[in-house]
Amino acid sequence: MPGVSLRVARGEDGRVSDLDAIAAELLATPPAAFTAARDARAKAEPDVALARGIAAIRRPTVAAWAVDALARERADEVAEMLELAASLRDAQDDLDGPGLRALSAQRRRLVARLAADAAALAEASDVRMSAAAREGVERTLTAAMLDADAGQAVASGRLVRALESVGLEGVDLDGALAGGAPQPRAPRASRDEVAERRARKAAERAARDAQHEATEAARALHRAEAAESLARERAEHLEARIVELQRDVARLGRELDAARADERTAADDRASAQRRVAETEGRAAEALGALD
């Protein structure tokens, strides 16, 4: 079908099987038209075994069809979801509580956004999604993030029913896919590998903490150097001011000495003038007495 980007499972030899490819194409057909399209495709297939396999493909539920539409039309977003799912599993292995809480919140936001995208794709194809179908989409996306096999099934674009994660039992994929099983997931890390990864993450955290402390210390040093420079400038200014004031004090001292000398001279002049006044007043009194 034109415009369909296939994300289908591959066999052990790495090739996409004919039935898987045909199933992915047929499942792009809206559920209401699926049965007729499947039967016509099976009837037109000359390979009897392949035709039998095509005829056995179940009509997808609306929730499964919407998730398949995501795998086709929003392949990058589904890949982002599966990358986040792998990070969640690593956080669980590493017993990284803060990281796990942050990733879990991110998972919920991503599931809600992808479910909304699936509803929009359904609306664009005139496929009506009930509240139950929307819940089925969210359960399927959540299961894909909690279980690696379920994630591969979702990415294949060949779901025919919704998935659900129940407790620690994993996700039941029996009868959930049209065609063959998706490419098996990579094996989980061994205990030694997990321990090594934990040690590496601990070392990375220690390096980040040390780098943070070094950055803070450099900032503190910069602040101290700036404060020292400011204090030095202030001290130099005050020293210059003291020198200037000392020069003023010396000059004023000299002026004070001169003023005191002038004061003494003036006092001597005053005393001399007083004596002359007394003398002249005495002579004046004598002269007046002689006149009498």
# chains A, B, ... in the order shown; residues from 1 in each chain; ligands from 1

call {"tool": "residues_around", "arguments": {"residues": "Val67 (chain A)", "least_positions_apart": "6", "cutoff": "9 Å", "atoms": "only C-alpha atoms", "output": "PyMOL selection string"}}
result
chain A and resi 114-115+118+137+140-141+154-155+157+159+162

call {"tool": "closest_residue", "arguments": {"among": "A:Ala119, A:Val171, A:Leu221, A:Ala124", "to": "Ala144 (chain A)", "atoms": "only C-alpha atoms"}}
result
A:Val171

call {"tool": "atom_distance", "arguments": {"atom1": "CA of Asp47 (chain A)", "atom2": "CA of Asp20 (chain A)"}}
result
14.7 Å

call {"tool": "select_by_dssp", "arguments": {"residues": "region 6-192 of chain A", "states": "helix (DSSP H, G or I)", "output": "ChimeraX atom specification"}}
result
/A:18-26,31-44,48-55,62-73,75-93,97-124,131-146,148-156,191-192

call {"tool": "residues_around", "arguments": {"residues": "Gly53 (chain A)", "least_positions_apart": "6", "cutoff": "10 Å", "atoms": "only C-alpha atoms", "output": "ChimeraX atom specification"}}
result
/A:19-20,22-23,42,47,178-179

call {"tool": "write_last_selection", "arguments": {"atoms": "N, CA and C atoms", "output": "compact mmCIF listing (two decimals), in the first residue's frame"}}
result
# COMPACT_ATOMS: atom_id res chain seq x y z
N LEU A 19 4.66 -13.34 4.47
CA LEU A 19 3.44 -13.24 5.26
C LEU A 19 3.51 -12.03 6.19
N ASP A 20 4.66 -11.79 6.79
CA ASP A 20 4.80 -10.63 7.67
C ASP A 20 4.56 -9.33 6.90
N ILE A 22 2.92 -8.89 4.06
CA ILE A 22 1.53 -8.80 3.63
C ILE A 22 0.63 -8.45 4.82
N ALA A 23 0.91 -9.07 5.96
CA ALA A 23 0.12 -8.78 7.15
C ALA A 23 0.22 -7.30 7.52
N ALA A 42 -5.96 -12.94 -0.11
CA ALA A 42 -5.74 -14.38 -0.01
C ALA A 42 -6.18 -15.09 -1.29
N ASP A 47 0.39 -18.79 -4.17
CA ASP A 47 1.03 -19.73 -3.26
C ASP A 47 0.00 -20.20 -2.25
N ALA A 178 -0.09 -10.86 13.85
CA ALA A 178 -0.30 -11.50 12.55
C ALA A 178 1.08 -11.83 11.98
N GLY A 179 1.24 -13.01 11.39
CA GLY A 179 2.54 -13.39 10.85
C GLY A 179 3.41 -13.99 11.93

call {"tool": "closest_residue", "arguments": {"among": "A:Ala240, A:Leu82, A:Asp269, A:Asp18", "to": "Ile54 (chain A)", "atoms": "only C-alpha atoms"}}
result
A:Asp18

call {"tool": "residues_around", "arguments": {"residues": "Leu26 (chain A)", "least_positions_apart": "2", "cutoff": "9 Å", "atoms": "only C-alpha atoms", "output": "mmCIF file with C-alpha atoms, in the first residue's frame"}}
result
data_model
loop_
_atom_site.group_PDB
_atom_site.id
_atom_site.type_symbol
_atom_site.label_atom_id
_atom_site.label_comp_id
_atom_site.auth_asym_id
_atom_site.auth_seq_id
_atom_site.Cartn_x
_atom_site.Cartn_y
_atom_site.Cartn_z
ATOM 1 C CA MET A 1 0.000 0.000 0.000
ATOM 2 C CA ALA A 21 5.013 -8.004 4.914
ATOM 3 C CA ILE A 22 1.529 -8.795 3.626
ATOM 4 C CA ALA A 23 0.120 -8.780 7.154
ATOM 5 C CA ALA A 24 1.630 -5.345 7.824
ATOM 6 C CA ALA A 28 -2.995 -0.636 7.484
ATOM 7 C CA THR A 29 -6.560 -1.077 6.203
ATOM 8 C CA PRO A 30 -9.206 0.367 8.581
ATOM 9 C CA PHE A 34 -10.102 -5.312 6.693
ATOM 10 C CA ALA A 37 -9.236 -6.709 1.806
ATOM 11 C CA ARG A 38 -7.757 -9.793 3.513
ATOM 12 C CA ARG A 41 -5.585 -10.719 -1.035
#

call {"tool": "atom_distance", "arguments": {"atom1": "CA of Arg264 (chain A)", "atom2": "CA of Arg251 (chain A)"}}
result
20.1 Å

call {"tool": "residues_around", "arguments": {"residues": "region 149-153 of chain A", "least_positions_apart": "6", "cutoff": "12 Å", "atoms": "only C-alpha atoms", "output": "PyMOL selection string"}}
result
chain A and resi 7-10+20+24+64+67-68+71+78-86+139-143+159-165+170-188

call {"tool": "write_last_selection", "arguments": {"atoms": "C-alpha atoms", "output": "PDB file, in the first residue's frame"}}
result
ATOM      1  CA  ARG A   7       8.417  -2.095  10.574  1.00  0.00           C
ATOM      2  CA  VAL A   8       8.005  -5.848  10.396  1.00  0.00           C
ATOM      3  CA  ALA A   9       9.732  -8.831  11.951  1.00  0.00           C
ATOM      4  CA  ARG A  10      12.591 -10.585  10.189  1.00  0.00           C
ATOM      5  CA  ASP A  20       4.799 -10.626   7.668  1.00  0.00           C
ATOM      6  CA  ALA A  24       1.630  -5.345   7.824  1.00  0.00           C
ATOM      7  CA  ALA A  64      -4.518  -2.781  17.980  1.00  0.00           C
ATOM      8  CA  VAL A  67      -1.144   1.083  17.749  1.00  0.00           C
ATOM      9  CA  ASP A  68      -0.155  -0.400  14.371  1.00  0.00           C
ATOM     10  CA  ALA A  71       4.235   1.989  14.325  1.00  0.00           C
ATOM     11  CA  VAL A  78       7.751   4.571  18.859  1.00  0.00           C
ATOM     12  CA  ALA A  79      11.541   4.138  18.676  1.00  0.00           C
ATOM     13  CA  GLU A  80      11.877   6.904  21.297  1.00  0.00           C
ATOM     14  CA  MET A  81       9.395   5.019  23.465  1.00  0.00           C
ATOM     15  CA  LEU A  82      11.385   1.804  23.225  1.00  0.00           C
ATOM     16  CA  GLU A  83      14.649   3.615  24.002  1.00  0.00           C
ATOM     17  CA  LEU A  84      13.031   5.074  27.111  1.00  0.00           C
ATOM     18  CA  ALA A  85      11.775   1.590  28.011  1.00  0.00           C
ATOM     19  CA  ALA A  86      15.341   0.248  27.820  1.00  0.00           C
ATOM     20  CA  ARG A 139      -2.425  -0.399  28.139  1.00  0.00           C
ATOM     21  CA  THR A 140      -0.641  -1.689  25.047  1.00  0.00           C
ATOM     22  CA  LEU A 141       1.897   1.152  25.015  1.00  0.00           C
ATOM     23  CA  THR A 142       2.510   0.723  28.739  1.00  0.00           C
ATOM     24  CA  ALA A 143       3.033  -3.024  28.234  1.00  0.00           C
ATOM     25  CA  LEU A 159      -0.760  -6.370  16.344  1.00  0.00           C
ATOM     26  CA  VAL A 160      -4.287  -7.750  16.069  1.00  0.00           C
ATOM     27  CA  ARG A 161      -5.267  -7.303  19.714  1.00  0.00           C
ATOM     28  CA  ALA A 162      -4.328  -5.051  22.584  1.00  0.00           C
ATOM     29  CA  LEU A 163      -1.606  -6.040  25.067  1.00  0.00           C
ATOM     30  CA  GLU A 164      -1.536  -5.759  28.832  1.00  0.00           C
ATOM     31  CA  SER A 165       1.167  -6.172  31.455  1.00  0.00           C
ATOM     32  CA  GLY A 170       5.189 -10.417  31.621  1.00  0.00           C
ATOM     33  CA  VAL A 171       2.936  -9.823  28.634  1.00  0.00           C
ATOM     34  CA  ASP A 172       0.909 -12.571  26.962  1.00  0.00           C
ATOM     35  CA  LEU A 173       1.689 -12.361  23.232  1.00  0.00           C
ATOM     36  CA  ASP A 174      -0.168 -15.553  22.266  1.00  0.00           C
ATOM     37  CA  GLY A 175      -2.325 -14.727  19.227  1.00  0.00           C
ATOM     38  CA  ALA A 176      -1.471 -11.041  19.460  1.00  0.00           C
ATOM     39  CA  LEU A 177       0.466 -10.839  16.181  1.00  0.00           C
ATOM     40  CA  ALA A 178      -0.296 -11.504  12.553  1.00  0.00           C
ATOM     41  CA  GLY A 179       2.536 -13.390  10.851  1.00  0.00           C
ATOM     42  CA  GLY A 180       5.654 -14.584  12.631  1.00  0.00           C
ATOM     43  CA  ALA A 181       7.147 -13.508  15.937  1.00  0.00           C
ATOM     44  CA  PRO A 182       9.247 -10.346  15.878  1.00  0.00           C
ATOM     45  CA  GLN A 183      13.006 -10.457  16.032  1.00  0.00           C
ATOM     46  CA  PRO A 184      13.951 -11.693  19.506  1.00  0.00           C
ATOM     47  CA  ARG A 185      15.136  -9.083  21.961  1.00  0.00           C
ATOM     48  CA  ALA A 186      18.733  -8.916  23.062  1.00  0.00           C
ATOM     49  CA  PRO A 187      19.391 -11.005  26.181  1.00  0.00           C
ATOM     50  CA  ARG A 188      19.300  -9.188  29.515  1.00  0.00           C
TER      51      ARG A 188
END

call {"tool": "atom_distance", "arguments": {"atom1": "CA of Asp147 (chain A)", "atom2": "CA of Leu103 (chain A)"}}
result
15.2 Å

call {"tool": "select_by_dssp", "arguments": {"residues": "region 137-262 of chain A", "states": "strand (DSSP E or B)", "output": "ChimeraX atom specification"}}
result
/A:159,165,171,177

call {"tool": "write_last_selection", "arguments": {"atoms": "N, CA and C atoms", "output": "mmCIF file, in the first residue's frame"}}
result
data_model
loop_
_atom_site.group_PDB
_atom_site.id
_atom_site.type_symbol
_atom_site.label_atom_id
_atom_site.label_comp_id
_atom_site.auth_asym_id
_atom_site.auth_seq_id
_atom_site.Cartn_x
_atom_site.Cartn_y
_atom_site.Cartn_z
ATOM 1 N N LEU A 159 0.118 -5.966 15.242
ATOM 2 C CA LEU A 159 -0.760 -6.370 16.344
ATOM 3 C C LEU A 159 -2.187 -6.557 15.841
ATOM 4 N N SER A 165 0.169 -5.639 30.532
ATOM 5 C CA SER A 165 1.167 -6.172 31.455
ATOM 6 C C SER A 165 0.483 -6.438 32.787
ATOM 7 N N VAL A 171 4.054 -10.127 29.519
ATOM 8 C CA VAL A 171 2.936 -9.823 28.634
ATOM 9 C C VAL A 171 2.625 -11.051 27.789
ATOM 10 N N LEU A 177 -0.174 -11.314 17.403
ATOM 11 C CA LEU A 177 0.466 -10.839 16.181
ATOM 12 C C LEU A 177 -0.014 -11.597 14.957
#
